[in-house]
Structures are given as C-alpha cells and as structure tokens.
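Accompanying notes for the structure given below.
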Amino acid sequence: MIELNYFLLLSGILFSIGVTGVLIRRNAIIIFMSIELMLNSINLSLVAFSSFLGNITGQIFVFFVMTVAAAEAAVGLAIVISLYRNKETVNIDEINILKR
Amino acid sequence: MQLKQTLDSLNNFLPETTIIITLLVCIIADIILNKKSPITSLIAIAGLLIASYFVSLQIGIKTSIFSGMIVVDPYSVFFKFLFILSTIFVIIFAYASKEMKNSGHKNEHVYLMLSLTLGAFLMSSSINFLMMYLSLELVSLSSYILAGYTKKVKRSSEAAMKYVIYGAASSGIMIYAMSLLYGFTGSMNIFEIGRFLTSNSAGSNPIMIISIVMITAGFGYKISSVPFHFWTPDVYEGSPIPITAFLAVTSSASGFAVLIRFFSTTFLKSYEAINGNWQIIDGVKWTEILIVISVASMIIGNFVAIWQTSLKRLLAYSSIAQTGYILLGLVVANQAGLQAMFVYLIAYLFMNLGAFYATIMISNKLNSDNMEDMKGLGYRSPFVCVSMTIFMFALSGIPATAGFVGKFYLFSALIEQRMLWLALIGLLNSVVSLFFYVKVVKYMFLMRPDTGSTSKIQYGFGNYVVLLLLAVPTIFFGIYFTPLLRIAEASISMFGIK
C-alpha cells in the first residue's frame with residue numbers, strides 16, 4: 001500500500017507544472033495541453049482521496065471532470081481554429097488587437 | 001425508494017425542465033425554418049415566461065432535491081427570476097443588434113443563451129461541489145461560444161480565445177481546491193463540510209486558507225473581480241454588445257449566486273443567524289479575503305476606467321468596480337448585507353442592461369463604440385442620450401436612481417457593522433466613478449461634433465419601447481424603493497439557514 005502523501009505530492013507537482021505551462025508557454029495548443037495536465041492532476045488527487053477515505057464520491061467526480069475536460073477541449077480547439085482562420089497564428093503574443 | 005425520491009424531485013425541477021424543452025424546440029424550429037427569423041427568439045421568450053410561472057410556484061418552498069444535489073429556496077427563486085428577466089432582455093437586444101444580424105449565423109445565439117440560463121439556474125441552487133462545478137462549466141462553455149459568436153470578426157475570436165484560457169485555468173484551480181477540501185473533510189456537500197469543520201474545530205487549519213483562496217479564483221473569475229479580472233476588458237470589448245451585456249449581468253449574477261451560497265453556508269458553526277449575523281466557524285478567514293478582493297476591484301475598476309475611450313471597455317471596467325461594491329454586502333456577513341446585495345443586483349440589472357442597450361442603439365447607427373465618435377450625439381438623438389445619461393448616473397449612484405438605493409443600503413449595512421473605513425473607501429470610489437460616467441455625458445452633450453453629419457438619427461419605435469422598459473424602472477425604483485426592499489427581504493432566506 002503506497003501512502004496517500006506520495007499521490008498528493010505527485011498531483012501537486014503535476015498541477016504546478018500545468019499552471020506554469022499556462023503562464024509561460026506562448027502556443028495556444030500547448031496552453032490547452034497544460035490545462036489538461038492541471039485537470040488530470042486533480043483527477044489523481046480525487047482518486048487518491050477517494051480510495052483513502054473509502055468514499056466513492058471522489059471517483060464519480062473524476063468521471064465528470066473528464067467529461068467536462070473533453071467538452072472544454074472541443075470548444076477550445078474550435079475557437080483556436082476560428083482564430084487561426086482569421087489571423088493565421090496560434091501564438092498568443094501575436095493575438096493582441098485588443099488593448100492590454 | 002431512490003426512484004420515488006427522484007420522481008418527487010422532478011416536481012421541483014420544472015423551471016429547469018421547461019428551459020431544456022424550450023432549448024430543444026428552438027433547435028428544431030431553427031432547423032425547420034432554416035433562416036434568420038424572429039420566431040426562434042419568440043419561442044425562447046415564451047419558454048422563459050412559462051419557466052417564470054413554474055418558478056413562481058416555487059415561492060415559499062424550502063427543500064433539497066435530487067439527493068442533496070440542489071435546493072429550492074427563496075434565495076434561488078430570486079436569482080431565477082433575475083436570470084429570466086435578463087435573458088429575455090438580452091434575446092431582444094440580440095434581435096435589435098446589427099452586429100448579431102451581420103454575424104452570418106441564424107439563431108444559434110438563442111439556444112446558447114438558454115443553455116447559459118440553465119447553467120445559471122443550477123448555479124444558484126447547487127449545494128454540492130459536483131453540481132457547482134458542472135453548472136459553472138455549463139455557463140462557461142456557453143459563454144465561450146457566445147463570446148466568439150461573430151467568427152469572421154478578428155477581435156471576437158480573439159476575445160473567445162482569451163476567455164477560454166482564463167476560464168479553463170481558473171476553474172481548474174477551483175476544482176483542485178475542491179479536491180483538497182474533499183480529501184480534508186470527506187464530503188462534497190457544503191453542509192457536511194461545515195459540520196465536519198465545526199465538530200473537529202479545524203477552521204484554522206492552513207489547508208482551509210489555501211482552499212478558500214483557490215476556490216475564490218474560480219468564482220472570482222465568473223464575477224470578474226480583481227485579481228481574476230484580466231479577461232474582462234478584452235472579452236467585453238471583443239464580443240458583440242448583446243453578448244457583453246449578457247456576460248455582465250446573467251453570467252456575473254450567477255457567479256454571485258454560487259459565491260454567496262458557498263461562503264455563507266459552508267463555514268457556519270450554527271445554522272441559526274443570531275440578530276441576523278452569521279456564526280462563522282472560528283479561524284475561517286473568508287471575510288478578510290473578500291474585503292481585499294472587493295477593495296481592489298473597486299479601486300482598479302474605477303481608476304482604470306478613467307482612461308478608456310471605448311464605451312464598451314469603459315463599461316467593462318465599470319462592471320469590475322460594480323463587482324467590488326456588490327461584494328461589500330457579503331463581507332459584513334449578515335442578513336442585512338445580503339439584503340443590500342439583492343437590492344443592488346436588481347438595480348444593477350436594469351441600469352447595466354440599459355447602458356448596454358443604449359450602446360447597441362448608438363453603435364448600430366455609428367458603427368463604432370468609441371466616445372470620440374459620440375461628440376454632440378445628444379443633439380442628434382436626444383432620447384437615447386438622455387436615457388444613457390440616466391443609466392450613467394444610476395451606475396455612479398446619484399440620488400433618485402436605483403443605483404443610489406443599492407449603494408445606500410450597502411453602505412448602511414457596513415456602517416451598522418462598524419466597518420466605517422470600508423464604507424468610506426466605497427464612497428470615495430463612487431466619487432471617482434462619477435468622473436468617468438459623467439465623461440460619457442460630456443461627450444454627448446457638451447461637445448460639438450468635429451466632422452460628419454449633424455442630422456437627427458431615427459430609430460425604430462420598438463427600440464424606444466425597450467429603452468423605456470429599462471429606463472423607467474431605473475428611475476422608478478430610485479424614488480419608490482419599497483418593492484425592492486420587500487423582494488430582497490423575502491429572498492434572503494437560504495436553505496439550511498434559519
């Protein structure tokens with residue numbers, strides 16, 4: 001039996017990598033990948049807690065998080081495509097018509 | 001047993017069911033008609049009116065349905081009426097807007113708006129993390145698509161892009177905190193979390209402060225409060241104006257609905273409010289966090305708005321500032337503050353939608369929302385500009401408008417709780433906000449147009465009626481505000497709190 005802490009540590013590390021990716025990467029597709037990484041690290045921590053507590057709710061939440069992640073990726077990629085058609089770039093530094 | 005409970009719950013789920021059916025009917029009608037026509041909008045409005053009838057049947061009921069996932073209580077009924085009203089207005093706005101007409105779409109916005117309203121309904125009534133997350137995502141996903149609705153327009157798809165990145169990242173941060181709270185307390189139900197924290201006196205555990213800050217990121221992005229406001233100006237400027245109005249009112253009110261319920265019921269040690277004050281679990285510091293967020297929102301919103309030249313962007317910063325004012329009602333943590341927030345939210349609905357509708361009417365004719373182009377507009381279309389002046393004065397909180405009543409009750413709730421300094425900050429911010437709200441009026445009435453035509457601009461009769469429907473309540477509720485107070489007083493009762 002692996003201790004709960006290891007799972008939480010791994011989940012924390014993955015989450016931090018995801019957040020860092022969102023903050024520093026400039027390619028929209030890679031930002032979406034980082035967001036997926038964040039969501040999957042959350043799934044890991046939910047499953048770990050669920051099995052530690054002997055409570056099924058956490059695992060059910062994971063299913064919903066996966067579903068929503070898929071929906072979000074669908075909408076997000078559709079928006080990336082519509083942006084690419086307009087501007088021919090997915091680099092978010094070049095997406096700057098609107099004032100900052 | 002389980003089946004019977006579910007069937008019984010369906011009786012209290014009729015408004016949502018009505019909206020789902022309306023949504024499907026709208027899609028089918030759109031396929032059959034296969035052209036741009038007002039019929040889809042009319043079906044949606046009829047569906048919303050039927051839903052409002054079912055909501056009115058829920059007045060006075062206080063029960064939890066679907067195994068403690070969502071509740072029906074006066075609090076959620078208030079928000080449902082608010083959402084229905086604003087959605088009806090926005091569907092009319094979208095019909096009147098030239099931007100939406102030239103978008104190359106048929107009536108897709110109608111069912112996206114309905115699905116957003118459905119999400120907002122569920123947000124106002126969820127008491128479980130799972131339901132809170134799912135409904136928040138339903139609202140978010142619909143609004144991402146709506147923000148990029150005019151897909152040929154560069155700035156619209158850019159706005160949608162920024163929105164989806166900020167939204168996905170903030171909701172990710174929020175559910176990470178939810179998973180931590182779940183692991184810590186062993187439950188997703190906000191009442192059981194409160195019970196666990198009270199019985200183990202675990203309120204001052206460091207994990208609580210981390211979770212609260214991270215959950216505020218998710219909800220704070222929805223209500224566009226500082227420091228989660230970065231998407232707001234860009235998305236508000238880039239999206240078509242009816243969508244901006246929708247995001248500013250329905251989407252942000254739904255954020256308030258879930259935020260207020262989360263903070264005011266999760267961290268209570270006793271579910272009985274003593275003298276109207278909530279009994280917060282010792283060591284849980286959510287009011288302090290919200291004070292910081294609220295003051296920062298007011299200051300940044302108001303001060304940055306001063307330098308804006310685009311009317312839409314000005315309204316975006318103004319709604320960041322308004323978020324700050326509304327949050328002031330929550331930090332006092334009592335029933336009076338909640339009542340003041342409700343009064344303000346009703347006033348906010350009318351004055352903000354009104355300001356956006358006037359902007360739609362102006363930009364339909366001028367093809368611009370830049371204030372430089374509005375010089376001397378007051379002489380060319382007096383009616384619209386006078387209404388705009390009313391909305392601007394209401395937003396800044398000048399007496400005899402609904403905005404004043406809202407601010408008055410917010411500040412008096414603060415003063416009663418001896419938070420004089422906070423009321424003072426709010427008051428000074430109102431003075432600052434007066435500067436840029438009056439600037440709009442100055443451009444319209446005190447400046448002469450540089451070039452171009454000076455002829456009168458004609459609008460359709462329907463446009464004037466809709467504008468009056470928004471302007472009259474803004475003034476009326478500012479003079480005769482007893483009904484506002486009655487509604488707010490009847491609505492503050494939440495499920496589980498006595």
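How things are named: the first chain in the structure tokens is A, the next is B, and so on; residues count from 1 in each chain; ligands count from 1 in the order shown.
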>> Distance limit 7 Å, atoms considered: only C-alpha atoms. Which chain A residues sit that close to chain B? Return them as an MDAnalysis selection string.
In response: chainID A and resid 35 38:39 42 45:46 49 53 61 72 76 79:80 82:83 86 95 97:98
Can you write out the residues you just picked, keeping N, CA, C and O atoms, as a tab-separated table (two decimals), in the first residue's frame?
```tsv
chain	number	residue	atom	x	y	z
A	35	ILE	N	-3.55	22.89	-19.49
A	35	ILE	CA	-4.80	22.89	-18.72
A	35	ILE	C	-5.28	21.45	-18.51
A	35	ILE	O	-5.72	21.08	-17.41
A	38	MET	N	-3.42	20.05	-15.71
A	38	MET	CA	-3.97	20.50	-14.42
A	38	MET	C	-5.16	19.64	-14.04
A	38	MET	O	-5.25	19.13	-12.91
A	39	LEU	N	-6.06	19.44	-15.02
A	39	LEU	CA	-7.28	18.68	-14.70
A	39	LEU	C	-6.94	17.24	-14.35
A	39	LEU	O	-7.53	16.65	-13.43
A	42	ILE	N	-5.74	16.91	-10.90
A	42	ILE	CA	-6.87	16.97	-9.97
A	42	ILE	C	-7.54	15.60	-9.89
A	42	ILE	O	-7.88	15.12	-8.80
A	45	SER	N	-5.59	13.40	-7.60
A	45	SER	CA	-5.76	13.66	-6.18
A	45	SER	C	-7.16	13.24	-5.72
A	45	SER	O	-7.32	12.73	-4.61
A	46	LEU	N	-8.16	13.40	-6.60
A	46	LEU	CA	-9.51	12.97	-6.21
A	46	LEU	C	-9.56	11.45	-6.01
A	46	LEU	O	-10.11	10.95	-5.03
A	49	PHE	N	-7.71	10.52	-2.77
A	49	PHE	CA	-8.52	10.81	-1.59
A	49	PHE	C	-9.66	9.82	-1.47
A	49	PHE	O	-9.97	9.34	-0.37
A	53	LEU	N	-10.23	7.56	1.71
A	53	LEU	CA	-11.38	7.75	2.60
A	53	LEU	C	-12.37	6.60	2.50
A	53	LEU	O	-13.30	6.52	3.31
A	61	PHE	N	-16.71	12.06	-9.20
A	61	PHE	CA	-16.33	13.41	-9.63
A	61	PHE	C	-15.33	13.34	-10.79
A	61	PHE	O	-15.41	14.11	-11.74
A	72	GLU	N	-14.50	21.00	-22.89
A	72	GLU	CA	-13.74	22.24	-22.91
A	72	GLU	C	-12.71	22.21	-24.04
A	72	GLU	O	-12.51	23.20	-24.74
A	76	GLY	N	-12.56	24.76	-26.98
A	76	GLY	CA	-11.31	25.50	-27.06
A	76	GLY	C	-10.64	25.33	-28.41
A	76	GLY	O	-10.21	26.31	-29.03
A	79	ILE	N	-12.34	27.21	-31.09
A	79	ILE	CA	-12.01	28.64	-31.06
A	79	ILE	C	-10.62	28.87	-31.63
A	79	ILE	O	-10.38	29.84	-32.36
A	80	VAL	N	-9.68	27.95	-31.32
A	80	VAL	CA	-8.34	28.08	-31.88
A	80	VAL	C	-8.41	28.06	-33.40
A	80	VAL	O	-7.77	28.87	-34.09
A	82	SER	N	-10.98	28.87	-35.33
A	82	SER	CA	-11.59	30.08	-35.88
A	82	SER	C	-10.62	31.25	-35.79
A	82	SER	O	-10.58	32.11	-36.68
A	83	LEU	N	-9.80	31.26	-34.76
A	83	LEU	CA	-8.79	32.31	-34.64
A	83	LEU	C	-7.72	32.14	-35.72
A	83	LEU	O	-7.27	33.11	-36.33
A	86	ASN	N	-8.68	33.47	-38.99
A	86	ASN	CA	-8.65	34.93	-39.08
A	86	ASN	C	-7.24	35.49	-39.09
A	86	ASN	O	-6.97	36.46	-39.76
A	95	ILE	N	-1.63	37.66	-30.62
A	95	ILE	CA	-3.07	37.89	-30.53
A	95	ILE	C	-3.27	39.12	-29.67
A	95	ILE	O	-3.48	39.03	-28.48
A	97	ILE	N	-4.95	42.41	-30.79
A	97	ILE	CA	-5.68	43.56	-31.32
A	97	ILE	C	-6.29	44.35	-30.18
A	97	ILE	O	-6.30	45.57	-30.18
A	98	LEU	N	-6.84	43.59	-29.22
A	98	LEU	CA	-7.48	44.27	-28.09
A	98	LEU	C	-6.38	44.82	-27.19
A	98	LEU	O	-5.40	44.15	-26.93
```
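Running DSSP on the backbone gives strand (DSSP E) for these residues within stretch 275-339 of chain B: Asn277, Trp278, Gln279 and Ile280 of chain B.
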Write the residues of the preceding selection, restricted to N, CA, C and O atoms, as a PDB file, in the first residue's frame.
```
ATOM      1  N   ASN B 277     -26.829  37.988  12.299  1.00  0.00           N
ATOM      2  CA  ASN B 277     -25.410  37.771  11.987  1.00  0.00           C
ATOM      3  C   ASN B 277     -25.129  36.290  11.806  1.00  0.00           C
ATOM      4  O   ASN B 277     -25.625  35.462  12.559  1.00  0.00           O
ATOM      5  N   TRP B 278     -24.302  35.977  10.812  1.00  0.00           N
ATOM      6  CA  TRP B 278     -23.946  34.584  10.585  1.00  0.00           C
ATOM      7  C   TRP B 278     -22.857  34.169  11.568  1.00  0.00           C
ATOM      8  O   TRP B 278     -21.940  34.933  11.855  1.00  0.00           O
ATOM      9  N   GLN B 279     -22.964  32.923  12.048  1.00  0.00           N
ATOM     10  CA  GLN B 279     -21.974  32.417  13.006  1.00  0.00           C
ATOM     11  C   GLN B 279     -20.893  31.660  12.236  1.00  0.00           C
ATOM     12  O   GLN B 279     -21.023  30.481  11.939  1.00  0.00           O
ATOM     13  N   ILE B 280     -19.810  32.365  11.916  1.00  0.00           N
ATOM     14  CA  ILE B 280     -18.761  31.748  11.102  1.00  0.00           C
ATOM     15  C   ILE B 280     -17.865  30.885  11.983  1.00  0.00           C
ATOM     16  O   ILE B 280     -17.587  31.227  13.138  1.00  0.00           O
TER      17      ILE B 280
END
```
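Computed from the coordinates, the atom CA of B:Gly104 to atom CA of B:Asn463 distance equals 22.6 Å.
If you count only C-alpha atoms and ignore residues fewer than 3 places along the chain from stretch 25-29 of chain A, what sits within 10 Å of it is Thr20, Gly21, Val22, Phe32, Met33, Ser34, Ile35, Ala73, Gly76, Leu77, Val80, Thr89, Val90, Asn91, Ile92, Asp93 and Glu94 of chain A; Met161, Lys162 and Ile165 of chain B.
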Residues from the last selection, N, CA, C and O atoms, saved as a short mmCIF file (atom, residue, chain, number, x, y, z; two decimals), in the first residue's frame:
```
data_model
loop_
_atom_site.label_atom_id
_atom_site.label_comp_id
_atom_site.auth_asym_id
_atom_site.auth_seq_id
_atom_site.Cartn_x
_atom_site.Cartn_y
_atom_site.Cartn_z
N THR A 20 2.30 26.38 -14.44
CA THR A 20 3.46 27.04 -15.04
C THR A 20 3.34 27.06 -16.56
O THR A 20 3.62 28.08 -17.20
N GLY A 21 2.89 25.92 -17.12
CA GLY A 21 2.73 25.86 -18.57
C GLY A 21 1.74 26.90 -19.07
O GLY A 21 2.00 27.58 -20.06
N VAL A 22 0.62 27.04 -18.36
CA VAL A 22 -0.37 28.04 -18.77
C VAL A 22 0.24 29.43 -18.73
O VAL A 22 0.00 30.26 -19.60
N PHE A 32 -3.50 24.69 -23.88
CA PHE A 32 -4.61 23.76 -23.63
C PHE A 32 -4.11 22.44 -23.06
O PHE A 32 -4.73 21.86 -22.17
N MET A 33 -2.94 21.99 -23.57
CA MET A 33 -2.38 20.75 -23.02
C MET A 33 -2.05 20.92 -21.54
O MET A 33 -2.28 20.03 -20.72
N SER A 34 -1.54 22.10 -21.18
CA SER A 34 -1.21 22.35 -19.78
C SER A 34 -2.46 22.35 -18.92
O SER A 34 -2.44 21.86 -17.78
N ILE A 35 -3.55 22.89 -19.49
CA ILE A 35 -4.80 22.89 -18.72
C ILE A 35 -5.28 21.45 -18.51
O ILE A 35 -5.72 21.08 -17.41
N ALA A 73 -12.08 21.03 -24.22
CA ALA A 73 -11.09 20.92 -25.30
C ALA A 73 -11.78 21.10 -26.64
O ALA A 73 -11.23 21.76 -27.54
N GLY A 76 -12.56 24.76 -26.98
CA GLY A 76 -11.31 25.50 -27.06
C GLY A 76 -10.64 25.33 -28.41
O GLY A 76 -10.21 26.31 -29.03
N LEU A 77 -10.58 24.08 -28.90
CA LEU A 77 -9.92 23.87 -30.18
C LEU A 77 -10.72 24.49 -31.32
O LEU A 77 -10.13 25.03 -32.27
N VAL A 80 -9.68 27.95 -31.32
CA VAL A 80 -8.34 28.08 -31.88
C VAL A 80 -8.41 28.06 -33.40
O VAL A 80 -7.77 28.87 -34.09
N THR A 89 -2.29 32.44 -36.97
CA THR A 89 -1.30 32.20 -35.93
C THR A 89 -2.01 31.65 -34.70
O THR A 89 -3.19 31.91 -34.49
N VAL A 90 -1.28 30.85 -33.91
CA VAL A 90 -1.84 30.42 -32.62
C VAL A 90 -0.93 30.88 -31.49
O VAL A 90 -1.05 30.44 -30.36
N ASN A 91 -0.01 31.77 -31.82
CA ASN A 91 0.88 32.30 -30.79
C ASN A 91 0.15 33.43 -30.06
O ASN A 91 -0.24 34.41 -30.68
N ILE A 92 0.00 33.29 -28.74
CA ILE A 92 -0.84 34.27 -28.06
C ILE A 92 -0.17 35.62 -27.91
O ILE A 92 -0.82 36.61 -27.59
N ASP A 93 1.15 35.72 -28.18
CA ASP A 93 1.77 37.04 -28.15
C ASP A 93 1.33 37.87 -29.34
O ASP A 93 1.32 39.09 -29.29
N GLU A 94 0.97 37.18 -30.43
CA GLU A 94 0.55 37.92 -31.62
C GLU A 94 -0.95 38.19 -31.63
O GLU A 94 -1.47 38.83 -32.53
N MET B 161 -10.86 33.34 -27.40
CA MET B 161 -9.61 32.63 -27.08
C MET B 161 -9.13 32.99 -25.68
O MET B 161 -8.83 32.13 -24.86
N LYS B 162 -9.10 34.31 -25.41
CA LYS B 162 -8.63 34.74 -24.09
C LYS B 162 -9.56 34.23 -23.01
O LYS B 162 -9.13 33.79 -21.94
N ILE B 165 -9.09 30.46 -22.24
CA ILE B 165 -7.86 30.14 -21.49
C ILE B 165 -8.02 30.55 -20.03
O ILE B 165 -7.78 29.76 -19.11
#
```
>> Just to confirm, what's the straight-line distance from atom CA of B:Val331 to atom CA of B:Gly119 in Å (one decimal)?
In response: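 Taking atom CA of B:Val331 as the start and atom CA of B:Gly119 as the end point, the length is 25.9 Å.
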> DSSP on the backbone: what in stretch 42-288 of chain B comes out alpha helix (DSSP H), as number ranges by chain?
Replying inline: B: 42-57, 74-96, 98-101, 108-125, 129-147, 154-185, 190-199, 206-222, 231-238, 241-246, 252-266, 286-288
>> With only C-alpha atoms as the counted atoms, please give the residues lying no more than 8 Å from stretch 81-88 of chain B, apart from itself and same-chain residues fewer than 2 positions off, as number ranges by chain.
In response: B: 45, 48-49, 52, 55, 77-79, 90-92, 113-114, 117, 120-121, 246, 249-250, 253, 346, 349, 353
>> Please list as a list in words every residue within 10 Å of B:Leu268, counting only C-alpha atoms and excluding residues in the same chain fewer than 3 positions away.
In response: Phe191, Ile193, Gly194, Arg195, Leu197, Thr198, Phe263, Ser264, Thr265, Tyr271, Glu272, Ala273, Trp278, Gln279, Ile280, Ile281, Asp282, Val284 and Ile497 of chain B
Saved selection, atoms kept: all heavy atoms, as a compact mmCIF listing (two decimals), in the first residue's frame:
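The resulting file, again_0.txt, is reproduced below:
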```txt
# COMPACT_ATOMS: atom_id res chain seq x y z
N PHE B 191 -22.94 21.42 3.43
CA PHE B 191 -23.39 21.37 4.82
C PHE B 191 -22.55 20.37 5.62
O PHE B 191 -22.18 20.63 6.76
CB PHE B 191 -24.87 20.99 4.88
CG PHE B 191 -25.76 22.07 4.38
CD1 PHE B 191 -26.25 22.02 3.10
CD2 PHE B 191 -26.08 23.15 5.17
CE1 PHE B 191 -27.06 23.02 2.62
CE2 PHE B 191 -26.88 24.16 4.70
CZ PHE B 191 -27.38 24.09 3.41
N ILE B 193 -19.51 19.55 4.99
CA ILE B 193 -18.18 20.13 5.20
C ILE B 193 -18.21 21.04 6.42
O ILE B 193 -17.34 20.98 7.28
CB ILE B 193 -17.75 20.91 3.93
CG1 ILE B 193 -17.46 19.93 2.81
CG2 ILE B 193 -16.53 21.76 4.21
CD1 ILE B 193 -17.22 20.58 1.49
N GLY B 194 -19.27 21.88 6.48
CA GLY B 194 -19.40 22.77 7.63
C GLY B 194 -19.48 22.00 8.94
O GLY B 194 -18.82 22.34 9.92
N ARG B 195 -20.26 20.91 8.93
CA ARG B 195 -20.40 20.10 10.15
C ARG B 195 -19.07 19.49 10.56
O ARG B 195 -18.71 19.48 11.73
CB ARG B 195 -21.44 18.99 9.91
CG ARG B 195 -22.68 19.17 10.75
CD ARG B 195 -23.76 18.24 10.30
NE ARG B 195 -24.72 18.92 9.45
CZ ARG B 195 -25.32 18.37 8.41
NH1 ARG B 195 -25.07 17.12 8.07
NH2 ARG B 195 -26.19 19.06 7.71
N LEU B 197 -16.05 20.61 9.88
CA LEU B 197 -15.13 21.64 10.38
C LEU B 197 -15.51 22.07 11.78
O LEU B 197 -14.65 22.31 12.62
CB LEU B 197 -15.13 22.84 9.43
CG LEU B 197 -14.55 22.59 8.05
CD1 LEU B 197 -14.70 23.84 7.19
CD2 LEU B 197 -13.09 22.21 8.14
N THR B 198 -16.82 22.17 12.04
CA THR B 198 -17.25 22.59 13.37
C THR B 198 -16.90 21.53 14.40
O THR B 198 -16.33 21.84 15.47
CB THR B 198 -18.77 22.83 13.39
OG1 THR B 198 -19.13 23.50 12.21
CG2 THR B 198 -19.18 23.63 14.59
N PHE B 263 -19.96 30.69 0.42
CA PHE B 263 -19.32 31.26 1.59
C PHE B 263 -20.27 31.37 2.77
O PHE B 263 -19.87 31.16 3.90
CB PHE B 263 -18.73 32.63 1.26
CG PHE B 263 -17.44 32.52 0.53
CD1 PHE B 263 -17.29 33.04 -0.73
CD2 PHE B 263 -16.37 31.86 1.10
CE1 PHE B 263 -16.10 32.92 -1.42
CE2 PHE B 263 -15.17 31.73 0.43
CZ PHE B 263 -15.04 32.26 -0.83
N SER B 264 -21.54 31.70 2.51
CA SER B 264 -22.39 31.97 3.66
C SER B 264 -22.97 30.71 4.27
O SER B 264 -23.44 30.76 5.40
CB SER B 264 -23.51 32.93 3.27
OG SER B 264 -24.30 32.32 2.31
N THR B 265 -22.94 29.56 3.59
CA THR B 265 -23.46 28.37 4.28
C THR B 265 -22.37 27.37 4.65
O THR B 265 -22.54 26.62 5.60
CB THR B 265 -24.51 27.63 3.44
OG1 THR B 265 -23.94 27.28 2.20
CG2 THR B 265 -25.73 28.45 3.21
N TYR B 271 -26.44 27.01 12.30
CA TYR B 271 -27.23 27.44 11.16
C TYR B 271 -28.33 28.40 11.57
O TYR B 271 -29.28 28.63 10.85
CB TYR B 271 -27.76 26.23 10.41
CG TYR B 271 -26.64 25.51 9.71
CD1 TYR B 271 -26.14 24.32 10.21
CD2 TYR B 271 -26.05 26.06 8.60
CE1 TYR B 271 -25.07 23.69 9.60
CE2 TYR B 271 -24.99 25.45 7.98
CZ TYR B 271 -24.50 24.26 8.47
OH TYR B 271 -23.44 23.66 7.87
N GLU B 272 -28.20 28.96 12.76
CA GLU B 272 -29.15 29.96 13.19
C GLU B 272 -28.44 31.31 13.23
O GLU B 272 -27.41 31.45 13.89
CB GLU B 272 -29.69 29.61 14.57
CG GLU B 272 -31.07 30.12 14.77
CD GLU B 272 -31.90 29.11 15.56
OE1 GLU B 272 -31.50 27.95 15.68
OE2 GLU B 272 -32.92 29.51 16.06
N ALA B 273 -28.97 32.28 12.48
CA ALA B 273 -28.35 33.59 12.48
C ALA B 273 -28.80 34.34 13.73
O ALA B 273 -29.98 34.54 13.95
CB ALA B 273 -28.73 34.36 11.23
N TRP B 278 -24.30 35.98 10.81
CA TRP B 278 -23.95 34.58 10.58
C TRP B 278 -22.86 34.17 11.57
O TRP B 278 -21.94 34.93 11.85
CB TRP B 278 -23.44 34.39 9.15
CG TRP B 278 -24.47 34.73 8.13
CD1 TRP B 278 -25.82 34.64 8.27
CD2 TRP B 278 -24.25 35.22 6.81
NE1 TRP B 278 -26.44 35.03 7.12
CE2 TRP B 278 -25.51 35.38 6.21
CE3 TRP B 278 -23.11 35.51 6.07
CZ2 TRP B 278 -25.66 35.85 4.90
CZ3 TRP B 278 -23.26 35.96 4.78
CH2 TRP B 278 -24.52 36.14 4.20
N GLN B 279 -22.96 32.92 12.05
CA GLN B 279 -21.97 32.42 13.01
C GLN B 279 -20.89 31.66 12.24
O GLN B 279 -21.02 30.48 11.94
CB GLN B 279 -22.64 31.48 14.02
CG GLN B 279 -23.84 32.10 14.71
CD GLN B 279 -23.45 33.34 15.47
OE1 GLN B 279 -22.54 33.30 16.30
NE2 GLN B 279 -24.09 34.46 15.19
N ILE B 280 -19.81 32.36 11.92
CA ILE B 280 -18.76 31.75 11.10
C ILE B 280 -17.87 30.89 11.98
O ILE B 280 -17.59 31.23 13.14
CB ILE B 280 -17.93 32.84 10.40
CG1 ILE B 280 -18.84 33.69 9.53
CG2 ILE B 280 -16.83 32.22 9.56
CD1 ILE B 280 -18.20 34.94 9.03
N ILE B 281 -17.44 29.74 11.44
CA ILE B 281 -16.54 28.85 12.17
C ILE B 281 -15.25 29.59 12.51
O ILE B 281 -14.69 30.32 11.68
CB ILE B 281 -16.20 27.62 11.30
CG1 ILE B 281 -17.48 26.84 11.01
CG2 ILE B 281 -15.18 26.75 11.95
CD1 ILE B 281 -17.30 25.75 9.99
N ASP B 282 -14.77 29.41 13.75
CA ASP B 282 -13.58 30.13 14.19
C ASP B 282 -12.39 29.78 13.29
O ASP B 282 -12.17 28.62 12.96
CB ASP B 282 -13.24 29.73 15.63
CG ASP B 282 -14.43 29.96 16.55
OD1 ASP B 282 -15.00 31.06 16.48
OD2 ASP B 282 -14.78 29.03 17.29
N VAL B 284 -11.84 30.49 10.18
CA VAL B 284 -12.02 30.57 8.74
C VAL B 284 -12.08 32.05 8.35
O VAL B 284 -12.91 32.80 8.84
CB VAL B 284 -13.32 29.87 8.30
CG1 VAL B 284 -13.49 29.98 6.80
CG2 VAL B 284 -13.27 28.42 8.70
N ILE B 497 -30.43 27.73 6.53
CA ILE B 497 -30.14 28.79 7.49
C ILE B 497 -31.46 29.29 8.05
O ILE B 497 -32.37 29.62 7.30
CB ILE B 497 -29.40 29.96 6.84
CG1 ILE B 497 -28.09 29.45 6.26
CG2 ILE B 497 -29.13 31.05 7.83
CD1 ILE B 497 -27.26 30.54 5.66
```
